[in-house]
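Below: one structure, written as structure tokens.
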Protein chains: 2
Amino acid sequence: MRQFIVLGHEAPTTPGFSLSDLAGGAGRLDVLCRCVNAGLFVSHGIREDTRVHLVLNDEYTIRFDGSTAKRLYPNERAVASRIKGALESTADAIGHQPAEVSPGVELYRMGFESTLESVANDGTLVELHEEGEPLVEAEPPTDPVFVLSDHQEFTDREAEILADQAERRLSVGPEILHADQTMTVVHNWVDTDGYQQY
Amino acid sequence: MRQFIVLGHEAPTTPGFSLSDLAGGAGRLDVLCRCVNAGLFVSHGIREDTRVHLVLNDEYTIRFDGSTAKRLYPNERAVASRIKGALESTADAIGHQPAEVSPGVELYRMGFESTLESVANDGTLVELHEEGEPLVEAEPPTDPVFVLSDHQEFTDREAEILADQAERRLSVGPEILHADQTMTVVHNWVDTDGYQQY
């Protein structure tokens, strides 16, 4: 399985935002919506072996699971609408029990550290960072869990946690890409077995 | 320079569409908006050496030029708004003279073949197609002009033209990706000099 944890630093934690102002009033939710698209979708299909975890403002985490997602569409507004629905269900997320928002979409009352703990035994934790090892020089790990930040840098605290827990630090460079573009490149890198085989 | 020509088969040619229904009533304009994003944007910046040509229903072509674009933002709604503005200016596009919509954005009264002619001397024409040669086995050409289709296949006529005119046919495979994801992968491939150097 492949997993992506995306840290949304300005993301909303209440459902009152406008679907017509994702890049403004909704705290750059457009960035996170594109990450769900990049993580789960291929042409005319969905990556069933992939999960995307959106960490909203270190307070909630919405998990999109490609193996069970239904009626999910790649455009920003559709994904944002699903996030809005999730944020209407926060009262149902108690402890580590998620609120089931729709097939394949769950909301957890968990910030970054709890989300990291929840995937700790799933595979290899990889930090995606512009100063990491170039992808072309690395081999894709088994069951990678990639962690990346939205349009902002990792906070000092997040960087510390990752320095402590991540087994690898990789860069898609040489250009610094958006989070969703980074995910697309990383998927392709794993798809092609690290560009080594076809 | 890098250029991308994206064929939008159901794209609107009049500005009456709703910015809140890009994936529905606007003929999957969301796909083309994401292509502009993938083509022009990097983290906190724009690719100044890149142009994206959106061919709308073989009737108009909107050209986005990274070297002169201003106040352009990567979210779907913002790009769609710019396309709407372009389609309000069709009367100003006469012959091969474009309507200047905003800095770096021009609308031409040109379909696919005329757009191909307009870039004929710019560099190497490359068809992006799932059955092409794998990227990893190819060298990036100088000044590539990549042609790709939206969520639909190339029409028979388009495929014929490309078979006749394209010098290369490349695939980002093995997964079949969305048009915008394909552009992101291709950019990264050229950025890294075909994954050979860093």
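So you can find residues: chains in the structure tokens are A, B, ... in the order shown, residues in each start at 1, and ligands are numbered from 1 in order.
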Checklist entry - Taking only C-alpha atoms into account, which residues of chain B are within 6 Å of chain A, as a PyMOL selection string? => result chain B and resi 42-43+176-178+185
Generate the output file for the selected residues, all heavy atoms, as an mmCIF file, in the first residue's frame.
```
data_model
loop_
_atom_site.group_PDB
_atom_site.id
_atom_site.type_symbol
_atom_site.label_atom_id
_atom_site.label_comp_id
_atom_site.auth_asym_id
_atom_site.auth_seq_id
_atom_site.Cartn_x
_atom_site.Cartn_y
_atom_site.Cartn_z
ATOM 1 N N VAL B 42 4.989 26.137 -10.366
ATOM 2 C CA VAL B 42 5.801 25.389 -9.418
ATOM 3 C C VAL B 42 5.545 26.043 -8.059
ATOM 4 O O VAL B 42 4.786 27.005 -7.955
ATOM 5 C CB VAL B 42 7.312 25.443 -9.767
ATOM 6 C CG1 VAL B 42 7.599 24.635 -11.031
ATOM 7 C CG2 VAL B 42 7.786 26.864 -9.928
ATOM 8 N N SER B 43 6.166 25.511 -7.026
ATOM 9 C CA SER B 43 5.915 26.046 -5.693
ATOM 10 C C SER B 43 6.349 27.513 -5.629
ATOM 11 O O SER B 43 7.497 27.835 -5.918
ATOM 12 C CB SER B 43 6.697 25.216 -4.668
ATOM 13 O OG SER B 43 6.402 25.653 -3.368
ATOM 14 N N ILE B 176 -2.037 4.740 -16.605
ATOM 15 C CA ILE B 176 -2.578 5.778 -17.481
ATOM 16 C C ILE B 176 -3.052 6.919 -16.595
ATOM 17 O O ILE B 176 -3.904 6.729 -15.727
ATOM 18 C CB ILE B 176 -3.726 5.230 -18.345
ATOM 19 C CG1 ILE B 176 -3.205 4.034 -19.154
ATOM 20 C CG2 ILE B 176 -4.253 6.323 -19.279
ATOM 21 C CD1 ILE B 176 -4.287 3.355 -19.978
ATOM 22 N N LEU B 177 -2.453 8.089 -16.800
ATOM 23 C CA LEU B 177 -2.697 9.218 -15.907
ATOM 24 C C LEU B 177 -3.628 10.236 -16.546
ATOM 25 O O LEU B 177 -3.822 10.259 -17.765
ATOM 26 C CB LEU B 177 -1.368 9.887 -15.562
ATOM 27 C CG LEU B 177 -0.300 8.997 -14.917
ATOM 28 C CD1 LEU B 177 0.944 9.824 -14.603
ATOM 29 C CD2 LEU B 177 -0.830 8.336 -13.648
ATOM 30 N N HIS B 178 -4.159 11.110 -15.713
ATOM 31 C CA HIS B 178 -4.889 12.264 -16.206
ATOM 32 C C HIS B 178 -3.945 13.168 -16.991
ATOM 33 O O HIS B 178 -2.724 13.126 -16.796
ATOM 34 C CB HIS B 178 -5.450 13.069 -15.029
ATOM 35 C CG HIS B 178 -6.644 12.443 -14.375
ATOM 36 N ND1 HIS B 178 -7.122 12.858 -13.164
ATOM 37 C CD2 HIS B 178 -7.458 11.443 -14.770
ATOM 38 C CE1 HIS B 178 -8.183 12.133 -12.835
ATOM 39 N NE2 HIS B 178 -8.399 11.273 -13.792
ATOM 40 N N VAL B 185 4.430 14.924 -14.701
ATOM 41 C CA VAL B 185 5.486 13.914 -14.833
ATOM 42 C C VAL B 185 6.463 14.306 -15.939
ATOM 43 O O VAL B 185 7.681 14.187 -15.781
ATOM 44 C CB VAL B 185 4.856 12.523 -15.100
ATOM 45 C CG1 VAL B 185 5.921 11.520 -15.520
ATOM 46 C CG2 VAL B 185 4.121 12.030 -13.864
#
```
Item to check | Those of range 138-195 of chain A in DSSP strand (DSSP E or B), formatted as JSON, numbers by chain | outcome: {"A": [144, 145, 146, 147, 148, 149, 168, 169, 170, 171]}
Item to check | Separation of CA of Glu139 in chain B from CA of Ala69 in chain B, in Å and rounded to one decimal | outcome: 29.1 Å
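Each of B:Leu125, B:Val119, B:Ala80, B:Val101 was compared to Ser18 in chain B using only C-alpha atoms, and B:Ala80 turns out to be the nearest.
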Checklist entry - In Å, with one decimal, what is the gap from CA of Glu106 in chain B to CA of Glu88 in chain B? => result 11.9 Å
Item to check | Atomic distance CA of Arg168 in chain A - CA of Val190 in chain B, expressed in Å with one decimal | outcome: 24.7 Å
Item to check | DSSP-assigned alpha helix (DSSP H) members of range 118-172 of chain B, reported as a list in words | outcome: Ser118, Asp156, Arg157, Glu158, Ala159, Glu160, Ile161, Leu162, Ala163, Asp164 and Gln165 of chain B
